[in-house]
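S.K.: Below is the structure I would like to discuss, written out as structure tokens.
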Amino acid sequence: MKRFHSLKKNSEFQAVYRTGKSYANKYLVMYVLDTDKQGNRIGISASKKFGNSVERHRFARLVRESFRLNEDILEDGKDIVVVARTAAKDKSFDKIESAFLHLCGLHNILKESK
RNA sequence: UGAGUAAGACAGGUGAUCGCUGCUGCAUGGCCGAAAGGGUGCAGGAGAGGAAAGUCCGGGCUUCACAGGGCAGGGUGCCAGAUAACGUCUGGCGGAGGUGACUCCAGGGACAGUGCAACAGAAAUAAACCGCCUGACUCGUCAGGUAAGGGUGGAAAGGCAGUGUAAGAGACUACCGCCUCGCUGGUAACAGAGAGGGCACAUGUAAACCCCACUCGAAGCAAGACCGAACAGGGAGCAUAAGGCGGCCCGUCUGCUUCCGGGUAGGUCGCUUGAGCUGUCUGGUGACAGGCAGACUAGAUAGAUGAUCAUCCACGACAUAACCCGGCUUAUCGUUUUGCUCAGAAU
């Protein structure tokens with residue numbers, strides 16, 4: 001299996017926003033939708049309000065890295081959308097990663113939590 | 001040495017582990033495919049900027065339009081050159097600033113016409129408020145002359161000095177400025193000296209309309225080209241077994257096969273070898289042009305450069321390619337090189 005799967009279409013994002021459940025903390029907002037398909041998919045969103053191109057790319061990389069390193073402890077068959085909040089700007093990797101795992105815990109999609 | 005001025009260079013480095021996107025090689029009777037190949041795995045090597053930014057100009061490229069001419073509209077605006085082209089660049093000219101190196105200038109036309117010029121001021125394109133002078137008389141008023149002086153303003157009928165005069169005024173004179181004429185130098189912008197005018201309808205504004213000269217077709221890589229599930233459409237054949245429109249036949253619609261053509265999702269190309277880069281030589285004051293040699297240096301398509309650790313130091317600013325080039329503008333922690341100028345010291 002190559003890389004990891006990501007959400008691409010606007011319609012896929014809209015489906016998660018409308019029908020998925022959401023939790024938020026200081027840095028991130030996370031939407032999760034059950035798909036019953038194999039593999040998890042992630043979509044990352046940072047609006048222009050968040051910052052310029054460099055800052056938005058930086059945020060996306062940190063979230064992608066958090067997802068990649070922790071994918072094996074996540075349950076299967078989820079569409080996840082992560083939205084940036086402005087407080088996440090200029091934050092280090094471990095802050096973003098802990099925020100990501102915190103939200104995964106709230107969504108109850110960690111394998112250990114069962 | 002200090003202060004300044006101009007032109008450049010660099011844009012955290014090194015090592016380790018995990019991860020991402022192309023490329024090359026090898027492997028893979030195992031996953032897909034008839035095959036080519038794809039996929040997967042391993043290895044090697046490559047992988048953002050000086051502004052990649054703003055999208056303000058110009059060009060290539062692509063599609064559309066196009067006999068020729070004119071109008072409208074846009075752009076440019078001292079001269080010569082460079083260039084594929086430009087609103088860019090180079091060298092001059094003129095003006096402004098600086099002791100200087102040097103810097104800055106949207107720098108055609110205001111006797112073609114129209115418009116506008118707040119406030120202040122007596123008056124703003126038209127002039128007598130104060131003042132000055134002359135005359136008259138009822139003795140502080142009237143009539144007339146006057147733009148030298150006062151005050152207002154960005155701008156008040158060329159400036160300054162003198163002659164002159166009742167007081168004044170280019171009324172006259174010298175110098176400077178302006179205008180006209182030819183002469184000399186220069187490709188030209190322009191400069192120089194000379195002669196004449198006697199200063200006029202008299203100010204400013206053309207990033208106000210406008211006039212003059214030159215110039216411009218439109219839209220953009222989500223351009224566009226090709227392949228092409230699905231799904232509308234048409235032709236041919238088959239079945240005519242069944243059903244609908246008919247009481248029945250013909251006909252027609254529904255069905256299946258096949259072909260044609262349009263074309264959505266999706267895919268492939270466009271997509272990186274180029275008006276390019278590096279070095280060097282020649283021509284040119286220079287922008288630049290030409291010759292020779294060398295290297296190949298991102299090509300993603302929801303969009304690849306990240307994470308962790310160690311270590312060094314100046315403790316790392318601004319900011320992420322999206323078809324490609326030439327410029328402009330704006331942002332930027334700092335480090336550093338070279339030329340030149342001024343001041344001081346020493347020889």
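By convention here, the chains of the structure tokens are called A, B, ... in the order presented, each chain's residues are numbered starting at 1, and ligands are numbered starting at 1 in the order presented.
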Among chain A, which ones does DSSP place in alpha helix (DSSP H), written as a ChimeraX atom specification?
M.R.: /A:10-19,53-70,93-107
S.K.: If we count only C-alpha atoms (C1' of nucleotides) and set the cut-off at 12 Å, which residues sit around U268 in chain B, ignoring sequence neighbours fewer than 3 positions away in its own chain? Please answer as a ChimeraX atom specification.
M.R.: /B:225-228
S.K.: Using the selection just defined, write its residues with N, CA and C atoms (P, O5', C5', C4', C3', O3' and C1' of nucleotides) as a PDB file, in the first residue's frame.
M.R.:
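The file below, selection-v3.pdb, is the result:
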ATOM      1  P     A B 225      -8.340  21.874 -28.973  1.00  0.00           P
ATOM      2  O5'   A B 225      -7.257  20.702 -29.080  1.00  0.00           O
ATOM      3  C5'   A B 225      -6.364  20.657 -30.176  1.00  0.00           C
ATOM      4  C4'   A B 225      -5.416  19.485 -30.062  1.00  0.00           C
ATOM      5  C3'   A B 225      -6.079  18.118 -29.900  1.00  0.00           C
ATOM      6  O3'   A B 225      -6.525  17.585 -31.130  1.00  0.00           O
ATOM      7  C1'   A B 225      -4.335  18.337 -28.325  1.00  0.00           C
ATOM      8  P     C B 226      -7.811  16.630 -31.160  1.00  0.00           P
ATOM      9  O5'   C B 226      -7.321  15.275 -30.482  1.00  0.00           O
ATOM     10  C5'   C B 226      -6.406  14.433 -31.166  1.00  0.00           C
ATOM     11  C4'   C B 226      -5.849  13.370 -30.246  1.00  0.00           C
ATOM     12  C3'   C B 226      -6.857  12.360 -29.706  1.00  0.00           C
ATOM     13  O3'   C B 226      -7.207  11.355 -30.642  1.00  0.00           O
ATOM     14  C1'   C B 226      -5.420  13.061 -27.965  1.00  0.00           C
ATOM     15  P     C B 227      -8.597  10.614 -30.553  1.00  0.00           P
ATOM     16  O5'   C B 227      -8.460   9.708 -29.251  1.00  0.00           O
ATOM     17  C5'   C B 227      -7.646   8.541 -29.277  1.00  0.00           C
ATOM     18  C4'   C B 227      -7.596   7.877 -27.917  1.00  0.00           C
ATOM     19  C3'   C B 227      -8.925   7.380 -27.363  1.00  0.00           C
ATOM     20  O3'   C B 227      -9.325   6.140 -27.923  1.00  0.00           O
ATOM     21  C1'   C B 227      -7.714   8.490 -25.654  1.00  0.00           C
ATOM     22  P     G B 228     -10.866   5.829 -28.181  1.00  0.00           P
ATOM     23  O5'   G B 228     -11.513   6.014 -26.732  1.00  0.00           O
ATOM     24  C5'   G B 228     -11.357   5.012 -25.726  1.00  0.00           C
ATOM     25  C4'   G B 228     -11.873   5.500 -24.391  1.00  0.00           C
ATOM     26  C3'   G B 228     -13.386   5.755 -24.328  1.00  0.00           C
ATOM     27  O3'   G B 228     -14.101   4.567 -24.038  1.00  0.00           O
ATOM     28  C1'   G B 228     -12.211   7.604 -23.411  1.00  0.00           C
TER      29        G B 228
END
S.K.: Would you kindly report the residues of chain A within 7 Å of chain B, using only C-alpha atoms (C1' of nucleotides), as JSON, numbers by chain?
M.R.: {"A": [8, 53, 54, 61, 65]}
S.K.: Save out the residues we just selected, all heavy atoms, as a PDB file, in the first residue's frame.
M.R.:
ATOM      1  N   LYS A   8      -9.689  13.981  -1.271  1.00  0.00           N
ATOM      2  CA  LYS A   8      -9.323  14.853  -2.370  1.00  0.00           C
ATOM      3  C   LYS A   8     -10.448  15.780  -2.786  1.00  0.00           C
ATOM      4  O   LYS A   8     -10.274  16.970  -2.955  1.00  0.00           O
ATOM      5  CB  LYS A   8      -8.889  14.010  -3.569  1.00  0.00           C
ATOM      6  CG  LYS A   8      -7.612  13.248  -3.310  1.00  0.00           C
ATOM      7  CD  LYS A   8      -7.170  12.493  -4.536  1.00  0.00           C
ATOM      8  CE  LYS A   8      -5.798  11.878  -4.348  1.00  0.00           C
ATOM      9  NZ  LYS A   8      -5.734  10.896  -3.277  1.00  0.00           N
ATOM     10  N   SER A  53       1.160  31.027   2.645  1.00  0.00           N
ATOM     11  CA  SER A  53       1.391  29.706   2.078  1.00  0.00           C
ATOM     12  C   SER A  53       2.379  28.889   2.900  1.00  0.00           C
ATOM     13  O   SER A  53       2.191  27.693   3.108  1.00  0.00           O
ATOM     14  CB  SER A  53       1.906  29.880   0.650  1.00  0.00           C
ATOM     15  OG  SER A  53       2.291  28.659   0.135  1.00  0.00           O
ATOM     16  N   VAL A  54       3.424  29.535   3.383  1.00  0.00           N
ATOM     17  CA  VAL A  54       4.445  28.823   4.149  1.00  0.00           C
ATOM     18  C   VAL A  54       3.861  28.271   5.434  1.00  0.00           C
ATOM     19  O   VAL A  54       4.088  27.115   5.796  1.00  0.00           O
ATOM     20  CB  VAL A  54       5.608  29.782   4.467  1.00  0.00           C
ATOM     21  CG1 VAL A  54       6.605  29.108   5.368  1.00  0.00           C
ATOM     22  CG2 VAL A  54       6.277  30.236   3.197  1.00  0.00           C
ATOM     23  N   ARG A  61       2.054  19.674   7.023  1.00  0.00           N
ATOM     24  CA  ARG A  61       3.110  18.662   7.175  1.00  0.00           C
ATOM     25  C   ARG A  61       3.137  18.085   8.578  1.00  0.00           C
ATOM     26  O   ARG A  61       3.329  16.878   8.761  1.00  0.00           O
ATOM     27  CB  ARG A  61       4.465  19.297   6.865  1.00  0.00           C
ATOM     28  CG  ARG A  61       4.701  19.470   5.400  1.00  0.00           C
ATOM     29  CD  ARG A  61       5.902  20.327   5.152  1.00  0.00           C
ATOM     30  NE  ARG A  61       6.046  20.571   3.739  1.00  0.00           N
ATOM     31  CZ  ARG A  61       6.557  21.683   3.232  1.00  0.00           C
ATOM     32  NH1 ARG A  61       6.964  22.642   4.025  1.00  0.00           N
ATOM     33  NH2 ARG A  61       6.666  21.833   1.943  1.00  0.00           N
ATOM     34  N   GLU A  65       2.434  14.230   9.374  1.00  0.00           N
ATOM     35  CA  GLU A  65       3.430  13.450  10.099  1.00  0.00           C
ATOM     36  C   GLU A  65       2.806  12.793  11.339  1.00  0.00           C
ATOM     37  O   GLU A  65       3.072  11.617  11.620  1.00  0.00           O
ATOM     38  CB  GLU A  65       4.582  14.381  10.503  1.00  0.00           C
ATOM     39  CG  GLU A  65       5.767  13.670  11.114  1.00  0.00           C
ATOM     40  CD  GLU A  65       6.616  12.929  10.077  1.00  0.00           C
ATOM     41  OE1 GLU A  65       6.278  12.985   8.893  1.00  0.00           O
ATOM     42  OE2 GLU A  65       7.601  12.293  10.469  1.00  0.00           O
TER      43      GLU A  65
END
S.K.: Counting only C-alpha atoms, which residue out of A:Ser66, A:Asn25, A:Ile73, A:Ser47 sits closest to Asn108 in chain A?
M.R.: A:Ile73
S.K.: I'd like the contact shell of Phe50 in chain A - 8 Å cut-off, only C-alpha atoms (C1' of nucleotides), skipping same-chain residues fewer than 4 positions apart - returned as number ranges by chain.
M.R.: A: 46, 55-56, 84-86, 89
S.K.: Go ahead and write the selection's residues with N, CA, C and O atoms as a compact mmCIF listing (two decimals), in the first residue's frame.
M.R.:
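Once written, part_7.txt looks like this:
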# COMPACT_ATOMS: atom_id res chain seq x y z
N ALA A 46 -6.60 24.21 6.01
CA ALA A 46 -6.14 25.44 6.68
C ALA A 46 -6.56 26.60 5.80
O ALA A 46 -6.16 26.69 4.64
N GLU A 55 3.08 29.09 6.13
CA GLU A 55 2.52 28.66 7.41
C GLU A 55 1.50 27.54 7.23
O GLU A 55 1.42 26.61 8.05
N ARG A 56 0.69 27.64 6.15
CA ARG A 56 -0.30 26.59 5.90
C ARG A 56 0.37 25.27 5.53
O ARG A 56 -0.05 24.20 5.98
N ALA A 84 -7.39 23.58 10.88
CA ALA A 84 -6.47 24.37 11.69
C ALA A 84 -7.22 25.46 12.44
O ALA A 84 -8.15 26.06 11.91
N ARG A 85 -6.82 25.69 13.68
CA ARG A 85 -7.24 26.91 14.38
C ARG A 85 -6.04 27.82 14.46
O ARG A 85 -4.89 27.37 14.44
N THR A 86 -6.29 29.10 14.58
CA THR A 86 -5.16 30.04 14.47
C THR A 86 -4.15 29.88 15.58
O THR A 86 -2.99 30.24 15.43
N LYS A 89 -0.68 28.09 14.93
CA LYS A 89 0.39 28.70 14.15
C LYS A 89 1.70 28.69 14.95
O LYS A 89 1.70 28.96 16.15
S.K.: What's around A275 in chain B at 12 Å? Count only C-alpha atoms (C1' of nucleotides), leave out sequence neighbours fewer than 4 positions away in its own chain, and write the answer as a list in words.
M.R.: G59, G60, U83, A84, A85, C324, C325 and G326 of chain B
S.K.: Of the candidates A:Lys49, A:His57, A:Arg41, A:Arg64, which one gets nearest to Asp79 in chain A if we count only C-alpha atoms?
M.R.: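 Counting only C-alpha atoms, the residue closest to Asp79 in chain A is A:Arg41.
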S.K.: Which of these residues is nearest to C333 in chain B, using only C-alpha atoms (C1' of nucleotides): B:G97, B:G283, B:G2, B:G12?
M.R.: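 Nearest candidate to C333 in chain B out of B:G97, B:G283, B:G2, B:G12: B:G12.
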S.K.: Could you list, as a list of chain:residue names, every residue within 12 Å of A295 in chain B, counting only C-alpha atoms (C1' of nucleotides) and ignoring same-chain residues fewer than 6 positions away?
M.R.: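 With the cut-off at 12 Å, the set is B:U273, B:C277, B:U278, B:G279.
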S.K.: Write the residues of the selection above to a file with N, CA, C and O atoms (P, O5', C5', C4', C3', O3' and C1' of nucleotides), as an mmCIF file, in the first residue's frame.
M.R.:
data_model
loop_
_atom_site.group_PDB
_atom_site.id
_atom_site.type_symbol
_atom_site.label_atom_id
_atom_site.label_comp_id
_atom_site.auth_asym_id
_atom_site.auth_seq_id
_atom_site.Cartn_x
_atom_site.Cartn_y
_atom_site.Cartn_z
ATOM 1 P P U B 273 14.916 20.216 -19.408
ATOM 2 O "O5'" U B 273 15.405 21.008 -20.677
ATOM 3 C "C5'" U B 273 14.900 22.283 -21.014
ATOM 4 C "C4'" U B 273 15.563 22.790 -22.281
ATOM 5 C "C3'" U B 273 14.927 22.301 -23.571
ATOM 6 O "O3'" U B 273 15.090 23.314 -24.544
ATOM 7 C "C1'" U B 273 17.161 21.584 -23.493
ATOM 8 P P C B 277 21.241 33.041 -19.068
ATOM 9 O "O5'" C B 277 21.926 31.833 -18.282
ATOM 10 C "C5'" C B 277 21.491 31.484 -16.970
ATOM 11 C "C4'" C B 277 22.289 30.311 -16.445
ATOM 12 C "C3'" C B 277 23.797 30.519 -16.361
ATOM 13 O "O3'" C B 277 24.164 31.251 -15.209
ATOM 14 C "C1'" C B 277 23.335 28.394 -17.308
ATOM 15 P P U B 278 25.427 32.226 -15.239
ATOM 16 O "O5'" U B 278 26.666 31.224 -15.272
ATOM 17 C "C5'" U B 278 26.968 30.417 -14.143
ATOM 18 C "C4'" U B 278 28.158 29.514 -14.421
ATOM 19 C "C3'" U B 278 29.389 30.207 -14.991
ATOM 20 O "O3'" U B 278 30.156 30.863 -13.992
ATOM 21 C "C1'" U B 278 28.964 28.225 -16.220
ATOM 22 P P G B 279 30.961 32.188 -14.356
ATOM 23 O "O5'" G B 279 32.160 31.638 -15.244
ATOM 24 C "C5'" G B 279 33.193 30.868 -14.640
ATOM 25 C "C4'" G B 279 34.086 30.252 -15.693
ATOM 26 C "C3'" G B 279 34.812 31.223 -16.603
ATOM 27 O "O3'" G B 279 35.943 31.805 -15.985
ATOM 28 C "C1'" G B 279 33.935 29.431 -17.878
#
S.K.: Could you pull the residues within 10 Å of U272 in chain B, counting only C-alpha atoms (C1' of nucleotides), minus those fewer than 4 positions along the same chain, as a PyMOL selection string?
M.R.: chain B and resi 298-299+323-324
S.K.: Quick one: write out the picked residues with all heavy atoms as a tab-separated table (two decimals), in the first residue's frame?
M.R.:
chain	number	residue	atom	x	y	z
B	298	A	P	16.66	20.95	-11.87
B	298	A	OP1	16.23	22.18	-12.51
B	298	A	OP2	17.54	21.03	-10.70
B	298	A	O5'	15.39	20.11	-11.47
B	298	A	C5'	15.49	18.94	-10.64
B	298	A	C4'	14.16	18.66	-10.01
B	298	A	O4'	13.69	19.89	-9.41
B	298	A	C3'	13.05	18.27	-10.99
B	298	A	O3'	13.05	16.87	-11.23
B	298	A	C2'	11.80	18.73	-10.26
B	298	A	O2'	11.42	17.79	-9.27
B	298	A	C1'	12.29	20.00	-9.57
B	298	A	N9	11.99	21.22	-10.33
B	298	A	C8	12.84	21.97	-11.08
B	298	A	N7	12.29	23.02	-11.63
B	298	A	C5	10.98	22.95	-11.20
B	298	A	C6	9.88	23.77	-11.43
B	298	A	N6	9.92	24.86	-12.18
B	298	A	N1	8.72	23.43	-10.85
B	298	A	C2	8.68	22.32	-10.10
B	298	A	N3	9.64	21.47	-9.80
B	298	A	C4	10.79	21.85	-10.39
B	299	G	P	12.40	16.27	-12.59
B	299	G	OP1	12.46	14.81	-12.50
B	299	G	OP2	13.04	16.96	-13.73
B	299	G	O5'	10.90	16.75	-12.52
B	299	G	C5'	9.89	15.99	-11.85
B	299	G	C4'	8.62	16.81	-11.73
B	299	G	O4'	8.97	18.21	-11.76
B	299	G	C3'	7.62	16.58	-12.85
B	299	G	O3'	6.30	16.70	-12.34
B	299	G	C2'	7.90	17.74	-13.80
B	299	G	O2'	6.79	18.12	-14.57
B	299	G	C1'	8.27	18.85	-12.81
B	299	G	N9	9.13	19.87	-13.41
B	299	G	C8	10.45	19.74	-13.74
B	299	G	N7	10.96	20.82	-14.27
B	299	G	C5	9.91	21.71	-14.29
B	299	G	C6	9.84	23.05	-14.74
B	299	G	O6	10.74	23.73	-15.24
B	299	G	N1	8.59	23.60	-14.58
B	299	G	C2	7.53	22.94	-14.05
B	299	G	N2	6.39	23.62	-13.98
B	299	G	N3	7.55	21.69	-13.61
B	299	G	C4	8.77	21.14	-13.76
B	323	C	P	0.54	26.76	-14.48
B	323	C	OP1	0.39	28.20	-14.23
B	323	C	OP2	-0.61	25.97	-14.95
B	323	C	O5'	1.71	26.58	-15.55
B	323	C	C5'	2.31	25.33	-15.73
B	323	C	C4'	3.34	25.39	-16.84
B	323	C	O4'	2.68	25.76	-18.08
B	323	C	C3'	4.40	26.47	-16.69
B	323	C	O3'	5.43	26.09	-15.79
B	323	C	C2'	4.88	26.62	-18.12
B	323	C	O2'	5.74	25.55	-18.48
B	323	C	C1'	3.58	26.48	-18.89
B	323	C	N1	3.00	27.79	-19.22
B	323	C	C2	3.53	28.50	-20.31
B	323	C	O2	4.46	28.02	-20.93
B	323	C	N3	3.01	29.70	-20.63
B	323	C	C4	1.99	30.19	-19.93
B	323	C	N4	1.52	31.38	-20.29
B	323	C	C5	1.43	29.51	-18.83
B	323	C	C6	1.96	28.32	-18.52
B	324	C	P	6.29	27.22	-15.05
B	324	C	OP1	7.12	26.58	-14.02
B	324	C	OP2	5.38	28.32	-14.68
B	324	C	O5'	7.25	27.74	-16.20
B	324	C	C5'	8.16	26.86	-16.83
B	324	C	C4'	8.83	27.54	-17.99
B	324	C	O4'	7.85	27.94	-18.97
B	324	C	C3'	9.52	28.84	-17.63
B	324	C	O3'	10.77	28.58	-17.02
B	324	C	C2'	9.59	29.54	-18.98
B	324	C	O2'	10.66	29.05	-19.74
B	324	C	C1'	8.26	29.13	-19.62
B	324	C	N1	7.21	30.15	-19.47
B	324	C	C2	7.17	31.22	-20.38
B	324	C	O2	8.02	31.30	-21.26
B	324	C	N3	6.20	32.15	-20.25
B	324	C	C4	5.29	32.04	-19.28
B	324	C	N4	4.35	32.98	-19.21
B	324	C	C5	5.31	30.97	-18.35
B	324	C	C6	6.27	30.06	-18.48
S.K.: At a cut-off of 6 Å, using only C-alpha atoms (C1' of nucleotides), what residues contact Asn40 in chain A? Leave out same-chain residues fewer than 5 positions from it and give the result as a count of residues only.
M.R.: 4
S.K.: Would you give me, as number ranges by chain, the residues in chain A that DSSP reads as strand (DSSP E or B)?
M.R.: A: 5-6, 21-24, 28-34, 41-45, 74, 78-84, 110
S.K.: Just give me the gap between C1' of G334 in chain B and C1' of C315 in chain B in Å, one decimal is fine.
M.R.: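 Here the two named atoms are 11.2 Å from each other.
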